[in-house]
>>> print(open('my_file_22.cif').read())   # mmCIF, C-alpha atoms
data_start
#
loop_
_atom_site.label_atom_id
_atom_site.label_comp_id
_atom_site.auth_asym_id
_atom_site.auth_seq_id
_atom_site.Cartn_x
_atom_site.Cartn_y
_atom_site.Cartn_z
CA MET E 637 73.28 71.41 80.99
CA LYS E 638 75.75 74.25 80.49
CA THR E 639 74.24 77.71 80.93
CA ASN E 640 75.34 81.00 79.41
CA ASP E 641 76.80 83.80 81.51
CA GLY E 642 74.18 86.53 81.30
CA ARG E 643 76.50 89.02 83.01
CA GLN E 644 78.23 89.53 79.69
CA LEU E 645 75.03 90.81 78.08
CA SER E 646 74.04 94.46 77.93
CA PRO E 647 71.44 95.67 80.48
CA GLU E 648 68.79 95.83 77.71
CA ALA E 649 69.54 92.25 76.59
CA GLN E 650 69.41 91.04 80.20
CA GLU E 651 66.01 92.68 80.68
CA ALA E 652 64.64 91.10 77.48
CA LEU E 653 65.91 87.67 78.52
CA ARG E 654 64.27 87.89 81.94
CA LYS E 655 60.94 88.92 80.43
CA ARG E 656 61.02 86.13 77.83
CA VAL E 657 61.79 83.45 80.43
CA VAL E 658 59.09 84.62 82.86
CA SER E 659 56.52 85.00 80.06
CA ALA E 660 57.27 81.49 78.74
CA ILE E 661 56.79 79.94 82.19
CA ARG E 662 53.86 82.00 83.51
CA ASP E 663 51.93 82.71 80.30
CA GLU E 664 52.74 79.72 78.08
CA GLY E 665 53.07 77.04 80.76
CA MET E 666 56.65 76.05 79.95
CA GLN E 667 58.34 73.92 82.61
CA GLN E 668 61.38 75.38 84.35
CA VAL E 669 63.56 72.46 83.20
CA GLU E 670 62.56 73.17 79.60
CA ALA E 671 63.26 76.92 80.07
CA ILE E 672 66.74 76.11 81.33
CA ARG E 673 67.42 74.11 78.15
CA VAL E 674 65.83 76.58 75.74
CA PHE E 675 67.16 79.85 77.13
CA GLY E 676 70.45 78.63 78.61
CA VAL E 677 69.96 80.21 82.03
CA GLY E 678 70.50 78.75 85.50
CA ARG E 679 67.83 77.26 87.76
CA THR E 680 68.65 79.75 90.56
CA SER E 681 68.20 82.73 88.24
CA ILE E 682 64.78 81.53 87.08
CA HIS E 683 63.70 80.89 90.67
CA ASN E 684 64.76 84.40 91.74
CA TRP E 685 63.00 86.08 88.78
CA LEU E 686 59.73 84.27 89.40
CA LYS E 687 59.86 85.06 93.11
CA ALA E 688 60.56 88.73 92.41
CA VAL E 689 57.61 88.91 89.97
CA ARG E 690 55.25 87.34 92.48
CA THR E 691 56.31 89.92 95.06
CA GLY E 692 56.65 93.13 93.02
CA GLY E 693 55.17 92.53 89.61
CA ARG E 694 56.85 92.40 86.23
CA ASN E 695 58.34 95.89 86.56
CA VAL E 696 61.09 94.40 88.76
CA LEU E 697 62.47 92.73 85.63
CA LYS E 698 63.52 96.08 84.15
CA ALA E 699 67.22 96.79 83.82
CA GLY E 700 68.71 98.85 86.61
CA LYS E 701 71.72 101.10 86.60
CA ARG E 702 75.00 99.22 86.90
CA GLY E 703 78.02 100.10 89.01
CA ARG E 704 78.55 101.68 92.39
CA PRO E 705 75.92 103.98 93.83
CA PRO E 706 76.54 107.55 92.62
CA ARG E 707 76.35 108.95 96.14
CA SER E 708 79.11 108.55 98.68
CA ARG E 709 78.26 106.73 101.88
CA LEU E 710 80.06 109.54 103.72
CA THR E 711 78.37 112.91 104.01
CA GLY E 712 80.30 116.02 102.99
CA VAL E 713 80.91 116.97 106.61
CA GLN E 714 82.11 113.47 107.49
CA ALA E 715 84.48 113.37 104.51
CA ALA E 716 85.89 116.81 105.39
CA THR E 717 86.48 115.67 108.98
CA ILE E 718 88.36 112.55 107.85
CA VAL E 719 90.52 114.59 105.45
CA THR E 720 91.41 117.04 108.22
CA LEU E 721 92.36 114.24 110.61
CA ILE E 722 94.58 112.56 108.00
CA GLU E 723 96.38 115.83 107.26
CA ASP E 724 96.82 116.97 110.86
CA ARG E 725 97.27 113.79 112.88
CA CYS E 726 99.07 110.47 112.82
CA PRO E 727 97.00 107.30 113.38
CA ASP E 728 98.56 106.57 116.78
CA GLN E 729 97.58 110.06 117.94
CA LEU E 730 93.97 109.00 117.35
CA LYS E 731 94.54 105.75 119.30
CA LEU E 732 94.56 103.62 116.14
CA PRO E 733 96.98 100.65 115.99
CA PHE E 734 98.91 102.10 113.02
CA ALA E 735 101.99 104.30 112.60
CA LEU E 736 101.17 105.40 109.02
CA TRP E 737 98.02 106.31 107.16
CA THR E 738 97.19 103.20 105.12
CA ARG E 739 93.84 102.33 103.53
CA GLN E 740 93.10 100.00 106.43
CA ALA E 741 93.94 102.73 108.94
CA VAL E 742 91.52 105.12 107.23
CA ALA E 743 88.86 102.38 107.11
CA ASP E 744 89.25 101.79 110.85
CA LEU E 745 88.99 105.53 111.53
CA ILE E 746 85.76 105.81 109.54
CA GLU E 747 84.26 102.75 111.21
CA ARG E 748 85.20 103.99 114.67
CA ARG E 749 83.82 107.50 114.09
CA TYR E 750 80.77 106.86 111.94
CA GLY E 751 80.01 103.14 112.20
CA LEU E 752 80.51 102.59 108.45
CA SER E 753 82.33 99.43 107.36
CA LEU E 754 84.09 100.14 104.04
CA SER E 755 86.44 97.94 102.03
CA VAL E 756 90.04 99.00 101.44
CA TRP E 757 89.23 99.34 97.71
CA THR E 758 86.47 101.83 98.51
CA ILE E 759 88.86 103.67 100.84
CA GLY E 760 91.42 103.79 98.03
CA ARG E 761 88.88 105.46 95.72
CA TYR E 762 87.99 107.96 98.45
CA LEU E 763 91.65 108.82 99.04
CA LYS E 764 92.24 109.34 95.32
CA ARG E 765 89.16 111.56 95.10
CA TRP E 766 90.39 113.59 98.09
CA GLY E 767 93.79 114.16 96.48
CA PHE E 768 95.87 111.75 98.61
CA THR E 769 98.62 109.57 97.13
CA PRO E 770 100.90 106.98 98.82
CA GLN E 771 104.23 108.65 99.65
CA LYS E 772 107.32 108.02 101.72
CA PRO E 773 106.84 110.20 104.80
CA LEU E 774 109.42 112.66 106.08
CA ARG E 775 110.78 112.15 109.57
CA ARG E 776 110.20 115.10 111.89
CA ALA E 777 111.60 115.39 115.41
CA TYR E 778 109.26 115.65 118.37
CA GLU E 779 111.48 118.47 119.68
CA ARG E 780 110.63 120.74 116.76
CA ASP E 781 108.89 123.91 117.93
CA PRO E 782 106.11 124.94 115.52
CA LYS E 783 105.96 128.44 117.01
CA ALA E 784 109.67 128.96 116.38
CA VAL E 785 109.21 127.79 112.78
CA GLN E 786 106.37 130.25 112.22
CA GLN E 787 108.42 133.06 113.76
CA TRP E 788 111.29 132.19 111.42
CA LEU E 789 109.05 132.22 108.35
CA LYS E 790 107.09 135.35 109.22
CA ARG E 791 109.62 137.54 111.05
CA GLN E 792 113.20 136.33 111.28
CA TYR E 793 113.95 135.36 107.69
CA PRO E 794 112.11 138.35 106.15
CA GLY E 795 114.22 140.52 108.47
CA ILE E 796 117.42 138.82 107.29
CA ARG E 797 116.40 139.36 103.68
CA ARG E 798 115.71 143.07 104.24
CA LEU E 799 119.07 143.45 106.01
CA ALA E 800 120.83 141.67 103.14
CA LEU E 801 119.28 144.03 100.61
CA LYS E 802 120.31 147.02 102.69
CA ASN E 803 123.92 145.81 103.01
CA LYS E 804 124.10 144.36 99.48
CA ALA E 805 124.89 140.99 101.01
CA GLU E 806 124.48 137.57 99.43
CA ILE E 807 122.43 134.99 101.38
CA HIS E 808 123.97 131.50 101.49
CA TRP E 809 122.39 128.38 102.94
CA GLY E 810 124.90 125.89 104.35
CA ASP E 811 124.95 122.27 105.44
CA GLU E 812 127.24 119.24 105.87
CA MET E 813 126.83 115.55 105.22
CA GLY E 814 128.77 112.30 105.24
CA MET E 815 128.90 109.83 102.34
CA ARG E 816 129.64 106.09 102.36
CA SER E 817 130.88 103.85 99.58
CA ASP E 818 128.14 101.28 100.21
CA HIS E 819 125.31 103.74 99.50
CA GLN E 820 123.05 102.21 96.84
CA ALA E 821 120.61 104.19 94.71
CA GLY E 822 118.29 103.44 91.81
CA ARG E 823 116.71 100.25 90.50
CA SER E 824 117.68 97.71 87.86
CA TYR E 825 115.46 95.37 85.87
CA GLY E 826 115.78 91.65 86.51
CA ARG E 827 113.84 88.43 86.08
CA LYS E 828 110.87 88.07 88.41
CA GLY E 829 112.02 86.32 91.58
CA HIS E 830 115.72 86.90 90.79
CA THR E 831 117.10 90.07 92.34
CA PRO E 832 119.79 91.67 90.13
CA VAL E 833 123.31 91.59 91.57
CA ILE E 834 125.53 94.65 91.06
CA PRO E 835 129.26 94.04 91.63
CA GLY E 836 131.07 96.45 93.93
CA THR E 837 133.88 96.61 96.42
CA GLY E 838 133.41 95.02 99.82
CA GLN E 839 135.49 97.78 101.43
CA ARG E 840 133.80 100.54 103.34
CA PHE E 841 135.15 104.05 103.08
CA GLY E 842 133.70 107.51 103.02
CA CYS E 843 134.20 111.24 103.02
CA ASN E 844 132.37 114.40 104.05
CA LEU E 845 130.97 117.42 102.28
CA ILE E 846 130.26 120.98 103.39
CA SER E 847 128.46 123.25 100.95
CA THR E 848 126.39 126.40 100.49
CA VAL E 849 123.80 127.32 97.87
CA THR E 850 122.13 130.62 96.98
CA GLY E 851 118.82 131.48 95.37
CA ARG E 852 120.71 132.85 92.36
CA GLY E 853 122.22 129.45 91.60
CA ARG E 854 125.67 129.75 93.21
CA LEU E 855 127.16 126.60 94.74
CA ALA E 856 130.28 126.48 96.94
CA PHE E 857 131.62 123.24 98.38
CA MET E 858 134.53 121.52 100.07
CA VAL E 859 135.05 117.75 100.21
CA PHE E 860 137.17 116.50 103.10
CA ARG E 861 138.13 113.24 104.82
CA GLU E 862 138.56 114.22 108.46
CA ARG E 863 135.88 114.57 111.09
CA PHE E 864 133.84 117.75 110.89
CA ALA E 865 135.18 120.18 113.52
CA ALA E 866 135.77 123.90 113.99
CA PRO E 867 139.09 124.00 112.01
CA VAL E 868 137.35 122.39 109.04
CA MET E 869 134.50 124.88 109.24
CA ILE E 870 136.89 127.82 109.40
CA ARG E 871 138.88 126.47 106.44
CA PHE E 872 135.70 126.32 104.39
CA LEU E 873 134.65 129.83 105.42
CA ARG E 874 138.03 131.17 104.29
CA ARG E 875 137.48 129.57 100.90
CA LEU E 876 134.00 131.02 100.71
CA LEU E 877 135.24 134.54 101.39
CA ARG E 878 137.85 134.19 98.64
CA GLN E 879 135.18 133.08 96.15
CA VAL E 880 132.56 135.74 96.97
CA ASP E 881 133.39 139.44 96.71
CA ARG E 882 130.32 140.58 98.66
CA THR E 883 129.19 140.43 102.25
CA ILE E 884 127.94 136.94 103.06
CA PHE E 885 124.93 136.14 105.21
CA LEU E 886 125.30 132.43 105.95
CA ILE E 887 122.25 130.56 107.31
CA LEU E 888 123.02 127.29 109.12
CA ASP E 889 121.46 124.81 111.48
CA SER E 890 122.46 124.66 115.15
CA HIS E 891 125.24 122.10 114.80
CA PRO E 892 127.67 122.36 117.75
CA VAL E 893 130.51 123.23 115.37
CA HIS E 894 128.55 126.16 113.95
CA LEU E 895 127.96 127.46 117.46
CA SER E 896 131.49 126.82 118.71
CA ARG E 897 133.59 129.60 120.26
CA ALA E 898 136.38 129.07 117.73
CA VAL E 899 134.05 129.72 114.78
CA ASP E 900 132.41 132.63 116.58
CA ARG E 901 135.79 134.27 117.30
CA TRP E 902 136.94 133.78 113.69
CA VAL E 903 133.75 135.31 112.29
CA ALA E 904 134.11 138.29 114.64
CA LYS E 905 137.57 139.00 113.21
CA GLN E 906 136.22 139.30 109.66
CA LYS E 907 134.82 142.81 110.34
CA GLY E 908 131.34 142.08 109.03
CA ARG E 909 132.42 140.35 105.81
CA ILE E 910 130.46 137.32 106.92
CA GLN E 911 127.60 136.94 109.38
CA LEU E 912 126.02 133.72 110.64
CA PHE E 913 122.30 133.15 111.20
CA PHE E 914 120.67 130.01 112.55
CA LEU E 915 117.54 128.11 111.61
CA PRO E 916 115.03 126.95 114.24
CA GLY E 917 116.02 123.70 115.92
CA TYR E 918 115.15 120.37 114.29
CA SER E 919 114.02 122.03 111.05
CA PRO E 920 116.21 120.68 108.22
CA ASP E 921 113.27 120.93 105.82
CA LEU E 922 113.63 124.73 105.92
CA ASN E 923 117.14 124.60 104.44
CA PRO E 924 117.42 124.48 100.60
CA ASP E 925 120.94 123.03 100.86
CA GLU E 926 119.37 119.85 102.25
CA TYR E 927 118.19 119.07 98.71
CA LEU E 928 121.73 119.09 97.37
CA ASN E 929 122.64 116.25 99.74
CA PRO E 930 120.41 113.47 98.29
CA ASP E 931 121.29 114.67 94.78
CA VAL E 932 125.01 114.11 95.44
CA LYS E 933 124.50 110.86 97.35
CA THR E 934 122.37 109.41 94.58
CA ASN E 935 124.17 110.59 91.45
CA ALA E 936 127.79 110.96 92.56
CA VAL E 937 127.98 107.96 94.91
CA GLY E 938 124.99 105.60 94.71
CA ARG E 939 124.99 105.21 90.93
CA GLN E 940 128.78 105.23 90.45
CA ARG E 941 130.11 102.35 92.63
CA PRO E 942 133.59 103.79 93.40
CA GLU E 943 136.33 101.20 93.89
CA ASP E 944 138.33 103.18 96.46
CA ARG E 945 138.31 106.50 98.33
CA PRO E 946 140.38 108.48 95.77
CA GLN E 947 137.97 107.49 93.03
CA MET E 948 135.02 108.40 95.25
CA LEU E 949 136.51 111.85 95.92
CA ARG E 950 137.09 112.43 92.21
CA GLN E 951 133.53 111.44 91.32
CA ILE E 952 131.99 113.68 93.97
CA ARG E 953 134.14 116.69 93.07
CA SER E 954 133.46 116.17 89.37
CA TYR E 955 129.72 116.02 89.94
CA LEU E 956 129.72 119.11 92.14
CA ARG E 957 131.79 121.09 89.61
CA SER E 958 129.33 120.17 86.87
CA THR E 959 126.49 121.30 89.17
CA GLN E 960 128.29 124.63 89.72
CA ARG E 961 128.14 125.19 85.97
CA ARG E 962 124.36 124.68 86.01
CA PRO E 963 122.90 127.47 88.15
CA GLU E 964 119.37 126.56 87.08
CA LYS E 965 119.80 123.19 88.74
CA VAL E 966 120.95 124.83 91.96
CA LYS E 967 117.94 127.15 91.80
CA SER E 968 115.68 124.09 91.46
CA TYR E 969 116.55 123.11 95.05
CA PHE E 970 114.50 126.14 96.09
CA ASN E 971 111.39 124.91 94.27
CA HIS E 972 110.38 122.42 96.95
CA ASN E 973 107.35 123.51 98.94
CA SER E 974 109.08 123.74 102.32
CA VAL E 975 111.89 126.02 101.05
CA ARG E 976 110.07 128.01 98.41
CA TYR E 977 109.97 130.92 100.87
CA ALA E 978 113.76 131.27 100.39
CA ALA E 979 113.68 131.54 96.58
CA LEU E 980 114.55 134.90 95.09
#
>>> encode(input="my_file_22.cif", output="C-alpha cells")
Amino acid sequence: MKTNDGRQLSPEAQEALRKRVVSAIRDEGMQQVEAIRVFGVGRTSIHNWLKAVRTGGRNVLKAGKRGRPPRSRLTGVQAATIVTLIEDRCPDQLKLPFALWTRQAVADLIERRYGLSLSVWTIGRYLKRWGFTPQKPLRRAYERDPKAVQQWLKRQYPGIRRLALKNKAEIHWGDEMGMRSDHQAGRSYGRKGHTPVIPGTGQRFGCNLISTVTGRGRLAFMVFRERFAAPVMIRFLRRLLRQVDRTIFLILDSHPVHLSRAVDRWVAKQKGRIQLFFLPGYSPDLNPDEYLNPDVKTNAVGRQRPEDRPQMLRQIRSYLRSTQRRPEKVKSYFNHNSVRYAAL
C-alpha cells in the first residue's frame, strides 16, 4: 500500500491527521492495517503516535514549531571568542591541522574548546552571521615587524605629510614589477567538463615596469626590458623630475636598488628637488602603487595575449597612457583599506 508523504502538509494539517488516526484507532476500534489504508499513512508513523499518546497524552499530537532552534548552541561569550581567534590567529597557531580557516577548521576549534559537535552547514551559517566570507588570503612575511608598521602609520608618514605641506612637495608612491607573456587572467564560459582553450604564442618573453602614483591621480611610468638596476632607477627619476615641476617626496620599499649608493649619490646632487623615504620592511600592502600592478598585469597583459615582445610593450604603454588620462582611476588605488591612510 502506497502511503502519502505527510511532510508536505502544513503543520495544522499534520496535527489534524495525527488526531484523526489516533481517535479512529483508540476511540472507534479501527485496526491499524485499516487505518493505513484509509488515511494513507505509514505503519511506523502510527506506531510512534500511539506510543507518544500513551506516554504523554494527546497534547503531544499538537503541531510544533518547524525549523532550527531559534537559539544558538554557542553562548554570546563563546561566539565572541571564536570570532576573535579567527580574526587574530591562523589555525596552525592554535595547533589545528589546517593552514586556512575553513568551515571544518572552525568546527574543530569549537569542538576542541567547548565540546560542541556542529556540522559544516551550521558552521557556514554562523560564519555568515558573524560577517565572514570566503576570500583568497594575502601572503604576509613572517619578518614583518608590526611595531614598525604602527610607527609608520602613526608617526613617520604623518610627519612626511606635514613636511610635504610645508615644502609644497608632491608625495609619490613608487614600485616595480615584472610581466610575462604567459600571464593568464579572467575566465571564459565553456561546456561543463570541457575546459575552454585560448590560443596564444608558445614563446615566453617579458618586460618590466617602474611607476609612481599620487593621491591626486597622477601616474608616471617607464617600461623597460633590461634588468632592474641603479642606472634604470636613475633614468626613471630623471624622467620624473622633468614631468613634475614641484619638489618630489618619493616613498619606496627597501629594494636593494633603492638603497644603493649610486641612487643615493644621484639624489644628493639634485639639491632637494627629490627626497626618498622608505616603507617598513615586508609591508607591500602599505603602498598604493601595489594596486596598479595587478591592474596592468590583468588588463594589459593577461586579457590581451600579445604575440611578441614589441606588441606586449605597445599594449602595456597604451594601457598606462589611458590610465594617466583617468586620474579618478588612479585615485581609486588609494581606496583599499590598507592604503586608505595615504589618500588625500
>>> residues_around(input="my_file_22.cif", residues="Arg679 of chain E", least_positions_apart="6", cutoff="10 Å", atoms="all atoms listed in the file", output="list in words")
Thr639, Gln668, Val669, Ala671 and Ile672 of chain E
>>> closest_residue(input="my_file_22.cif", among="E:Leu895, E:Val975, E:Val903, E:Leu949", to="Asn923 of chain E", atoms="only C-alpha atoms")
E:Val975
>>> residues_around(input="my_file_22.cif", residues="segment 863-868 of chain E", least_positions_apart="4", cutoff="9 Å", atoms="all atoms listed in the file", output="ChimeraX atom specification")
/E:812,843-844,846,872-873,892-894,896-899
>>> residues_around(input="my_file_22.cif", residues="Pro770 of chain E", least_positions_apart="5", cutoff="10 Å", atoms="only C-alpha atoms", output="PDB file with C-alpha atoms, keeping the file's coordinate frame")
ATOM      1  CA  TRP E 737      98.020 106.310 107.160  1.00  0.00           C
ATOM      2  CA  THR E 738      97.190 103.200 105.120  1.00  0.00           C
ATOM      3  CA  ARG E 739      93.840 102.330 103.530  1.00  0.00           C
ATOM      4  CA  LEU E 763      91.650 108.820  99.040  1.00  0.00           C
ATOM      5  CA  LYS E 764      92.240 109.340  95.320  1.00  0.00           C
TER       6      LYS E 764
END
>>> atom_distance(input="my_file_22.cif", atom1="atom CA of Ala805 of chain E", atom2="atom CA of Thr848 of chain E")
14.7 Å
>>> resolve_selection(input="my_file_22.cif", expression="the PyMOL selection byres ((chain E and resi 885) around 6)", output="number ranges by chain")
E: 806-807, 884, 886, 910-911
>>> write_last_selection(input="my_file_22.cif", atoms="C-alpha atoms", output="JSON list (two decimals), keeping the file's coordinate frame")
[["chain", "number", "residue", "atom", "x", "y", "z"],
["E", 806, "GLU", "CA", 124.48, 137.57, 99.43],
["E", 807, "ILE", "CA", 122.43, 134.99, 101.38],
["E", 884, "ILE", "CA", 127.94, 136.94, 103.06],
["E", 886, "LEU", "CA", 125.30, 132.43, 105.95],
["E", 910, "ILE", "CA", 130.46, 137.32, 106.92],
["E", 911, "GLN", "CA", 127.60, 136.94, 109.38]]
>>> residues_around(input="my_file_22.cif", residues="segment 684-694 of chain E", least_positions_apart="6", cutoff="9 Å", atoms="all atoms listed in the file", output="list of chain:residue names")
E:Arg654, E:Lys655, E:Val657, E:Val658, E:Ile661, E:Arg662
>>> atom_distance(input="my_file_22.cif", atom1="atom CA of Phe970 of chain E", atom2="atom CA of Pro924 of chain E")
5.6 Å
>>> resolve_selection(input="my_file_22.cif", expression="the PyMOL selection byres ((chain E and resi 857) around 7)", output="ChimeraX atom specification")
/E:846-848,855-856,858-859
>>> closest_residue(input="my_file_22.cif", among="E:Leu789, E:Leu653, E:Leu912, E:Met813", to="Asn929 of chain E", atoms="all atoms listed in the file")
E:Met813
>>> residues_near_point(input="my_file_22.cif", point="(87.6, 110.9, 108.4)", cutoff="10 Å", atoms="all atoms listed in the file", output="NGL selection string")
:E and (710 or 713-722 or 742-750)
>>> write_last_selection(input="my_file_22.cif", atoms="C-alpha atoms", output="PDB file, in the frame of the given file")
ATOM      1  CA  LEU E 710      80.060 109.540 103.720  1.00  0.00           C
ATOM      2  CA  VAL E 713      80.910 116.970 106.610  1.00  0.00           C
ATOM      3  CA  GLN E 714      82.110 113.470 107.490  1.00  0.00           C
ATOM      4  CA  ALA E 715      84.480 113.370 104.510  1.00  0.00           C
ATOM      5  CA  ALA E 716      85.890 116.810 105.390  1.00  0.00           C
ATOM      6  CA  THR E 717      86.480 115.670 108.980  1.00  0.00           C
ATOM      7  CA  ILE E 718      88.360 112.550 107.850  1.00  0.00           C
ATOM      8  CA  VAL E 719      90.520 114.590 105.450  1.00  0.00           C
ATOM      9  CA  THR E 720      91.410 117.040 108.220  1.00  0.00           C
ATOM     10  CA  LEU E 721      92.360 114.240 110.610  1.00  0.00           C
ATOM     11  CA  ILE E 722      94.580 112.560 108.000  1.00  0.00           C
ATOM     12  CA  VAL E 742      91.520 105.120 107.230  1.00  0.00           C
ATOM     13  CA  ALA E 743      88.860 102.380 107.110  1.00  0.00           C
ATOM     14  CA  ASP E 744      89.250 101.790 110.850  1.00  0.00           C
ATOM     15  CA  LEU E 745      88.990 105.530 111.530  1.00  0.00           C
ATOM     16  CA  ILE E 746      85.760 105.810 109.540  1.00  0.00           C
ATOM     17  CA  GLU E 747      84.260 102.750 111.210  1.00  0.00           C
ATOM     18  CA  ARG E 748      85.200 103.990 114.670  1.00  0.00           C
ATOM     19  CA  ARG E 749      83.820 107.500 114.090  1.00  0.00           C
ATOM     20  CA  TYR E 750      80.770 106.860 111.940  1.00  0.00           C
TER      21      TYR E 750
END
>>> residues_around(input="my_file_22.cif", residues="segment 801-804 of chain E", least_positions_apart="2", cutoff="8 Å", atoms="all atoms listed in the file", output="list in words")
Arg797, Arg798, Leu799, Glu806, Arg882 and Thr883 of chain E
>>> closest_residue(input="my_file_22.cif", among="E:Arg673, E:Arg852, E:Lys698, E:Lys790", to="Glu964 of chain E", atoms="all atoms listed in the file")
E:Arg852
>>> resolve_selection(input="my_file_22.cif", expression="the PyMOL selection byres ((chain E and resi 888-890) around 6)", output="VMD selection string")
chain E and resid 810 887 891 914 to 915
>>> write_last_selection(input="my_file_22.cif", atoms="C-alpha atoms", output="short mmCIF file (atom, residue, chain, number, x, y, z; two decimals), in the frame of the given file")
data_model
loop_
_atom_site.label_atom_id
_atom_site.label_comp_id
_atom_site.auth_asym_id
_atom_site.auth_seq_id
_atom_site.Cartn_x
_atom_site.Cartn_y
_atom_site.Cartn_z
CA GLY E 810 124.90 125.89 104.35
CA ILE E 887 122.25 130.56 107.31
CA HIS E 891 125.24 122.10 114.80
CA PHE E 914 120.67 130.01 112.55
CA LEU E 915 117.54 128.11 111.61
#
>>> residues_near_point(input="my_file_22.cif", point="(129.6, 116.5, 91.4)", cutoff="12 Å", atoms="all atoms listed in the file", output="count of residues only")
33
